[in-house]
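Q: Here you go, one structure.
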Amino acid sequence: MTTKHFVNKAPFDPNATEKLTPEQERYYMATQWQLMWWKLKRHRLAMISGAVLALMYFSVIISEFLAPYALTTRNTDFIYAPPQTINFFHNGEFQGPFVYGLKYQLNMTNLKREYQEDKQSIQKIRFFCKSDPYKFWGHVAASTHLFCPSATGTLFLLGTDRLGRDVLSRIIYGTRISLTVGLLGIIFSFIIGITIGGLAGYFGGWVDNLSQRAIEIIRSFPELPLWMALSASLPVTWSPILIYFGITIILGMLDWTGLARAVRSKLLSLREEDFALAAQLMGAKPQRIIARHLLPSFTSHLIASATLSIPSMILGETALSFLGLGLRPPITSWGVLLTEAQNMNAVELYPWIMTPVIPVIIVVLAFNFFGDGLRDAADPYR
């Protein structure tokens, strides 16, 4: 049985090109960043995590406005008060968002305050209201809050601590410190990692050997004890701001090794490419070749590495502050807030003082999911 072959008898046109649909043309003409963004949008978990992180970092800007109480406000009549529940209906009638008032009696057996809801006291939640005065970012005086307790009531959605301070307000204020420690630390880590990794990958030889031996020595030390030793070396006479920057530098100094090795391995392969050799033959200096030609070739991978490194720095600050070797009052971070949980008797009686660990878990998971999405989007083979 013979097979028929169909031949196009039209004359060959060497200038003819295949017609592309608008979607195909848009895809083939897209830049690397556009392709990366389109891949990332298909990763739903990464997009949700990115939205959560964007909201949390936006809250850093307006912490004073979001918190119902000022950072130092004490409610001495409501020490270790339990979380109040938001209600909308009372006796079958819609009352809007409100909480019931609290009343307590002292248990003389265990000297514990036992709180109960006062069903006769309806305390409506106010929005965009005037309450505790504060200084926005420490400079602009204001007193407007997103939501506030009633004029004669309380609003402790996550309870209070041993000094009667609202836990939710302190978590919101602590977000500013805990999240910015990660950002500043990763900037410091990137500067060291890209510099040392870039030099080792481009020049090789003794520069590479020296940098690799230094990285191996640093990575051979247990991470947490090394953090503790360096944090304990900070003078106790330093101001809270100096302690903050000291902790940031320590976290950055110990987290650059992984990035340096990633940069080194990439540059070892890219420095032999035609575009790098062409730039070298044209007389470009090594720093220009590294900065203008090699590093931009895997910038997307560096961004993905950054999102995966920030959680470790947040956890490092939280652990050091929890152990009393990191940030200290009056600075408020999630780790500082968790120092209340060192007393197991207090945790057993007042479990809501453990709630600052919830935003730590949320942020770490969000960064990991978002970093995984970025890494997949930056991979050209996916």
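Chain labels run A, B, ... following the order of the structure tokens; each chain numbers its residues from 1, and ligands are numbered from 1 in the order shown.
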Counting only C-alpha atoms, which residues of range 118-205 of chain A fall within 12 Å of range 80-103 of chain A, and what is the closest atom pair for each with its distance in Å at one decimal, ordered by chain and rising number, as a Markdown table?

A:
```
| residue | atom | partner | partner_atom | distance |
| --- | --- | --- | --- | --- |
| A:Asp118 | CA | A:Gly101 | CA | 5.1 |
| A:Lys119 | CA | A:Tyr100 | CA | 5.9 |
| A:Gln120 | CA | A:Tyr100 | CA | 7.6 |
| A:Ser121 | CA | A:Gly101 | CA | 5.2 |
| A:Ile122 | CA | A:Tyr100 | CA | 5.1 |
| A:Gln123 | CA | A:Val99 | CA | 5.4 |
| A:Lys124 | CA | A:Phe98 | CA | 4.0 |
| A:Ile125 | CA | A:Phe98 | CA | 5.2 |
| A:Arg126 | CA | A:Pro97 | CA | 8.6 |
| A:Phe127 | CA | A:Pro97 | CA | 10.2 |
| A:Phe147 | CA | A:Pro97 | CA | 10.9 |
| A:Cys148 | CA | A:Phe98 | CA | 10.7 |
| A:Pro149 | CA | A:Phe98 | CA | 8.8 |
| A:Ser150 | CA | A:Phe98 | CA | 8.8 |
| A:Thr152 | CA | A:Gly101 | CA | 9.8 |
| A:Gly153 | CA | A:Gly101 | CA | 6.8 |
| A:Thr154 | CA | A:Gly101 | CA | 7.1 |
| A:Leu155 | CA | A:Gln84 | CA | 6.8 |
| A:Phe156 | CA | A:Pro83 | CA | 5.5 |
| A:Leu157 | CA | A:Pro83 | CA | 4.9 |
| A:Leu158 | CA | A:Pro83 | CA | 4.5 |
| A:Gly159 | CA | A:Pro83 | CA | 4.0 |
| A:Thr160 | CA | A:Tyr80 | CA | 5.0 |
| A:Asp161 | CA | A:Tyr80 | CA | 5.0 |
| A:Arg162 | CA | A:Tyr80 | CA | 5.5 |
| A:Leu163 | CA | A:Tyr80 | CA | 7.7 |
| A:Gly164 | CA | A:Tyr80 | CA | 6.3 |
| A:Arg165 | CA | A:Tyr80 | CA | 8.6 |
| A:Asp166 | CA | A:Ala81 | CA | 9.1 |
| A:Val167 | CA | A:Pro83 | CA | 9.2 |
| A:Leu168 | CA | A:Pro83 | CA | 9.7 |
```

Q: Would you save the residues of that selection, restricted to C-alpha atoms, as a tab-separated table (two decimals), in the first residue's frame?

A:
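Once written, part.tsv looks like this:
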```
chain	number	residue	atom	x	y	z
A	118	ASP	CA	-21.15	40.70	82.59
A	119	LYS	CA	-24.12	40.07	80.30
A	120	GLN	CA	-25.70	43.33	81.44
A	121	SER	CA	-22.76	45.42	80.27
A	122	ILE	CA	-22.80	45.85	76.48
A	123	GLN	CA	-19.70	47.72	75.30
A	124	LYS	CA	-19.91	48.60	71.63
A	125	ILE	CA	-16.75	48.73	69.54
A	126	ARG	CA	-16.05	52.11	67.97
A	127	PHE	CA	-14.36	52.60	64.60
A	147	PHE	CA	-11.11	50.64	66.34
A	148	CYS	CA	-11.39	51.39	70.04
A	149	PRO	CA	-13.22	50.17	73.13
A	150	SER	CA	-16.31	52.01	74.28
A	152	THR	CA	-16.20	53.43	79.60
A	153	GLY	CA	-15.34	49.87	78.61
A	154	THR	CA	-12.48	47.59	77.58
A	155	LEU	CA	-11.50	45.71	74.43
A	156	PHE	CA	-9.02	42.90	75.01
A	157	LEU	CA	-9.40	40.65	71.96
A	158	LEU	CA	-6.30	38.63	72.93
A	159	GLY	CA	-6.34	39.30	76.67
A	160	THR	CA	-3.83	41.22	78.78
A	161	ASP	CA	-0.45	40.44	80.32
A	162	ARG	CA	0.84	40.61	83.90
A	163	LEU	CA	0.87	44.43	83.80
A	164	GLY	CA	-2.60	44.78	82.29
A	165	ARG	CA	-1.32	45.70	78.81
A	166	ASP	CA	-3.36	44.69	75.77
A	167	VAL	CA	-1.65	41.72	74.07
A	168	LEU	CA	-3.10	42.46	70.61
```

Q: Among range 13-163 of chain A, which residues carry a DSSP assignment of alpha helix (DSSP H), reported as a PyMOL selection string?

A: chain A and resi 22-28+32-41+44-61+63-66

Q: Can you list, as a list in words, every protein, DNA or RNA residue that comes within 10 Å of range 181-184 of chain A when you count only C-alpha atoms, leaving out same-chain residues fewer than 4 positions away?

A: Thr175, Arg176, Ile177, Phe188, Ser189, Phe190, Tyr244, Phe245, Ile247, Thr248, Ile249, Leu251, Gly252, Ala306, Thr307, Ser309, Ile310, Pro311, Ser312, Met313, Ile314, Leu315, Gly316, Glu317 and Ser333 of chain A

Q: For the residues in the current selection, export C-alpha atoms as an mmCIF file, in the first residue's frame.

A:
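Now in again.cif:
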```cif
data_model
loop_
_atom_site.group_PDB
_atom_site.id
_atom_site.type_symbol
_atom_site.label_atom_id
_atom_site.label_comp_id
_atom_site.auth_asym_id
_atom_site.auth_seq_id
_atom_site.Cartn_x
_atom_site.Cartn_y
_atom_site.Cartn_z
ATOM 1 C CA THR A 175 5.389 43.434 64.081
ATOM 2 C CA ARG A 176 7.336 46.565 63.123
ATOM 3 C CA ILE A 177 10.498 45.390 64.870
ATOM 4 C CA PHE A 188 23.506 43.142 55.174
ATOM 5 C CA SER A 189 23.758 39.436 54.361
ATOM 6 C CA PHE A 190 23.326 40.093 50.622
ATOM 7 C CA TYR A 244 18.527 46.590 67.508
ATOM 8 C CA PHE A 245 21.196 47.321 64.913
ATOM 9 C CA ILE A 247 21.287 42.093 66.514
ATOM 10 C CA THR A 248 20.585 42.882 62.850
ATOM 11 C CA ILE A 249 24.304 42.887 61.997
ATOM 12 C CA LEU A 251 22.054 37.884 62.008
ATOM 13 C CA GLY A 252 23.369 39.206 58.697
ATOM 14 C CA ALA A 306 16.187 36.282 49.912
ATOM 15 C CA THR A 307 12.568 35.322 50.601
ATOM 16 C CA SER A 309 16.422 33.547 54.152
ATOM 17 C CA ILE A 310 14.263 36.181 55.873
ATOM 18 C CA PRO A 311 12.288 33.614 57.970
ATOM 19 C CA SER A 312 15.489 32.263 59.513
ATOM 20 C CA MET A 313 16.428 35.778 60.616
ATOM 21 C CA ILE A 314 12.991 36.398 62.122
ATOM 22 C CA LEU A 315 13.232 33.100 63.992
ATOM 23 C CA GLY A 316 16.764 33.989 65.104
ATOM 24 C CA GLU A 317 15.651 37.334 66.562
ATOM 25 C CA SER A 333 9.142 42.494 69.300
#
```

Q: Mind checking which residues fall within 12 Å of Leu268 in chain A, counting only C-alpha atoms, ignoring those fewer than 5 positions away in the same chain, and posting them as a ChimeraX atom specification?

A: /A:197-205,208,261-263,273,276,290,294-295

Q: Would you save the residues of that selection, restricted to C-alpha atoms, as a compact mmCIF listing (two decimals), in the first residue's frame?

A:
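Below is the file that was written, part-v8.txt:
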```txt
# COMPACT_ATOMS: atom_id res chain seq x y z
CA GLY A 197 30.66 34.78 46.36
CA GLY A 198 31.15 36.99 43.31
CA LEU A 199 34.89 37.33 43.85
CA ALA A 200 35.29 33.60 44.53
CA GLY A 201 33.27 32.57 41.48
CA TYR A 202 34.86 35.01 39.05
CA PHE A 203 38.52 34.82 40.02
CA GLY A 204 38.70 31.27 41.42
CA GLY A 205 42.15 30.10 42.55
CA ASP A 208 37.98 30.78 45.95
CA ARG A 261 28.04 29.58 47.73
CA ALA A 262 25.02 29.96 45.46
CA VAL A 263 26.53 33.06 43.81
CA GLU A 273 29.76 32.10 28.53
CA ALA A 276 31.14 37.32 29.56
CA ILE A 290 30.18 40.84 37.56
CA LEU A 294 26.79 38.08 35.40
CA LEU A 295 24.64 38.98 38.44
```

Q: Write out as a PDB file with N, CA and C atoms, in the first residue's frame the residues lying within 10 Å of Arg219 in chain A, counting only C-alpha atoms and excluding same-chain residues fewer than 4 positions away.

A:
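Printed below is around27.pdb as written:
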```
ATOM      1  N   ARG A 213      37.064  28.009  52.566  1.00  0.00           N
ATOM      2  CA  ARG A 213      37.504  27.547  53.892  1.00  0.00           C
ATOM      3  C   ARG A 213      36.872  28.402  54.992  1.00  0.00           C
ATOM      4  N   ALA A 214      36.755  29.716  54.755  1.00  0.00           N
ATOM      5  CA  ALA A 214      36.109  30.589  55.746  1.00  0.00           C
ATOM      6  C   ALA A 214      34.642  30.209  55.928  1.00  0.00           C
ATOM      7  N   ILE A 215      33.949  29.915  54.818  1.00  0.00           N
ATOM      8  CA  ILE A 215      32.544  29.511  54.902  1.00  0.00           C
ATOM      9  C   ILE A 215      32.403  28.205  55.670  1.00  0.00           C
ATOM     10  N   GLU A 223      24.580  26.953  65.098  1.00  0.00           N
ATOM     11  CA  GLU A 223      24.072  28.288  64.793  1.00  0.00           C
ATOM     12  C   GLU A 223      23.574  29.020  66.028  1.00  0.00           C
ATOM     13  N   LEU A 254      25.995  36.037  59.970  1.00  0.00           N
ATOM     14  CA  LEU A 254      26.012  34.581  60.046  1.00  0.00           C
ATOM     15  C   LEU A 254      25.137  33.912  59.003  1.00  0.00           C
ATOM     16  N   ASP A 255      24.440  34.695  58.177  1.00  0.00           N
ATOM     17  CA  ASP A 255      23.511  34.092  57.217  1.00  0.00           C
ATOM     18  C   ASP A 255      23.972  34.244  55.768  1.00  0.00           C
ATOM     19  N   THR A 257      26.594  32.824  54.266  1.00  0.00           N
ATOM     20  CA  THR A 257      27.394  31.738  53.716  1.00  0.00           C
ATOM     21  C   THR A 257      26.657  30.971  52.614  1.00  0.00           C
ATOM     22  N   GLY A 258      25.371  30.673  52.834  1.00  0.00           N
ATOM     23  CA  GLY A 258      24.619  29.943  51.819  1.00  0.00           C
ATOM     24  C   GLY A 258      24.477  30.737  50.534  1.00  0.00           C
TER      25      GLY A 258
END
```

Q: Using only C-alpha atoms for the distances, tell me which of A:Trp227, A:Trp206, A:Trp256, A:Tyr69 is nearest to Leu323 in chain A.

A: A:Trp227

Q: Could you give me, as an NGL selection string, the residues within 8 Å of range 54-67 of chain A, counting only C-alpha atoms and dropping anything in the same chain fewer than 4 positions from it?

A: :A and (50 or 134-137 or 144-147 or 168-170 or 172-173 or 175-176 or 179)

Q: Would you output that residue set with N, CA and C atoms, as a PDB file, in the first residue's frame?

A:
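Saved result, result30.pdb, follows:
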```pdb
ATOM      1  N   GLY A  50       1.987  35.834  49.410  1.00  0.00           N
ATOM      2  CA  GLY A  50       2.485  37.172  49.097  1.00  0.00           C
ATOM      3  C   GLY A  50       1.527  38.256  49.548  1.00  0.00           C
ATOM      4  N   TYR A 134      -0.879  59.003  70.904  1.00  0.00           N
ATOM      5  CA  TYR A 134       0.390  58.393  70.529  1.00  0.00           C
ATOM      6  C   TYR A 134       1.127  59.347  69.604  1.00  0.00           C
ATOM      7  N   LYS A 135       2.375  59.043  69.353  1.00  0.00           N
ATOM      8  CA  LYS A 135       3.169  59.793  68.390  1.00  0.00           C
ATOM      9  C   LYS A 135       3.465  58.884  67.205  1.00  0.00           C
ATOM     10  N   PHE A 136       2.924  59.240  66.046  1.00  0.00           N
ATOM     11  CA  PHE A 136       3.088  58.430  64.852  1.00  0.00           C
ATOM     12  C   PHE A 136       4.553  58.410  64.445  1.00  0.00           C
ATOM     13  N   TRP A 137       5.152  57.188  64.454  1.00  0.00           N
ATOM     14  CA  TRP A 137       6.572  57.001  64.192  1.00  0.00           C
ATOM     15  C   TRP A 137       7.439  57.860  65.116  1.00  0.00           C
ATOM     16  N   THR A 144      -6.073  59.030  66.791  1.00  0.00           N
ATOM     17  CA  THR A 144      -7.083  58.315  66.016  1.00  0.00           C
ATOM     18  C   THR A 144      -6.660  56.853  65.851  1.00  0.00           C
ATOM     19  N   HIS A 145      -7.607  55.945  66.100  1.00  0.00           N
ATOM     20  CA  HIS A 145      -7.366  54.511  65.956  1.00  0.00           C
ATOM     21  C   HIS A 145      -8.395  53.913  65.015  1.00  0.00           C
ATOM     22  N   LEU A 146      -8.037  52.761  64.428  1.00  0.00           N
ATOM     23  CA  LEU A 146      -8.979  52.078  63.541  1.00  0.00           C
ATOM     24  C   LEU A 146     -10.194  51.607  64.312  1.00  0.00           C
ATOM     25  N   PHE A 147      -9.991  51.041  65.477  1.00  0.00           N
ATOM     26  CA  PHE A 147     -11.107  50.640  66.339  1.00  0.00           C
ATOM     27  C   PHE A 147     -10.684  50.815  67.787  1.00  0.00           C
ATOM     28  N   LEU A 168      -2.945  42.200  72.039  1.00  0.00           N
ATOM     29  CA  LEU A 168      -3.098  42.457  70.607  1.00  0.00           C
ATOM     30  C   LEU A 168      -2.357  43.726  70.191  1.00  0.00           C
ATOM     31  N   SER A 169      -2.485  44.786  70.962  1.00  0.00           N
ATOM     32  CA  SER A 169      -1.795  46.034  70.633  1.00  0.00           C
ATOM     33  C   SER A 169      -0.290  45.843  70.637  1.00  0.00           C
ATOM     34  N   ARG A 170       0.212  45.090  71.593  1.00  0.00           N
ATOM     35  CA  ARG A 170       1.660  44.889  71.676  1.00  0.00           C
ATOM     36  C   ARG A 170       2.161  43.984  70.544  1.00  0.00           C
ATOM     37  N   ILE A 172       0.844  44.006  67.520  1.00  0.00           N
ATOM     38  CA  ILE A 172       0.856  44.894  66.351  1.00  0.00           C
ATOM     39  C   ILE A 172       2.087  45.791  66.378  1.00  0.00           C
ATOM     40  N   TYR A 173       2.425  46.326  67.543  1.00  0.00           N
ATOM     41  CA  TYR A 173       3.642  47.138  67.647  1.00  0.00           C
ATOM     42  C   TYR A 173       4.897  46.281  67.428  1.00  0.00           C
ATOM     43  N   THR A 175       5.231  43.796  65.493  1.00  0.00           N
ATOM     44  CA  THR A 175       5.389  43.434  64.081  1.00  0.00           C
ATOM     45  C   THR A 175       6.404  44.341  63.400  1.00  0.00           C
ATOM     46  N   ARG A 176       6.407  45.608  63.750  1.00  0.00           N
ATOM     47  CA  ARG A 176       7.336  46.565  63.123  1.00  0.00           C
ATOM     48  C   ARG A 176       8.784  46.156  63.349  1.00  0.00           C
ATOM     49  N   LEU A 179       9.620  42.237  61.779  1.00  0.00           N
ATOM     50  CA  LEU A 179       9.682  42.137  60.321  1.00  0.00           C
ATOM     51  C   LEU A 179      10.823  42.964  59.740  1.00  0.00           C
TER      52      LEU A 179
END
```

Q: Mind checking which residues fall within 6 Å of range 355-365 of chain A, counting only C-alpha atoms, ignoring those fewer than 3 positions away in the same chain, and posting them as an NGL selection string?

A: :A and (311 or 334 or 352 or 368)

Q: Could you take the residues named above and write them with C-alpha atoms, as a short mmCIF file (atom, residue, chain, number, x, y, z; two decimals), in the first residue's frame?

A:
```
data_model
loop_
_atom_site.label_atom_id
_atom_site.label_comp_id
_atom_site.auth_asym_id
_atom_site.auth_seq_id
_atom_site.Cartn_x
_atom_site.Cartn_y
_atom_site.Cartn_z
CA PRO A 311 12.29 33.61 57.97
CA TRP A 334 7.46 39.11 69.10
CA TRP A 352 -3.24 33.64 75.84
CA ASN A 368 8.46 29.76 52.74
#
```

Q: Please report the interatomic distance between CA of Val140 in chain A and CA of Thr237 in chain A in Å with one decimal.

A: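 We find that CA of Val140 in chain A and CA of Thr237 in chain A lie 28.6 Å from each other.
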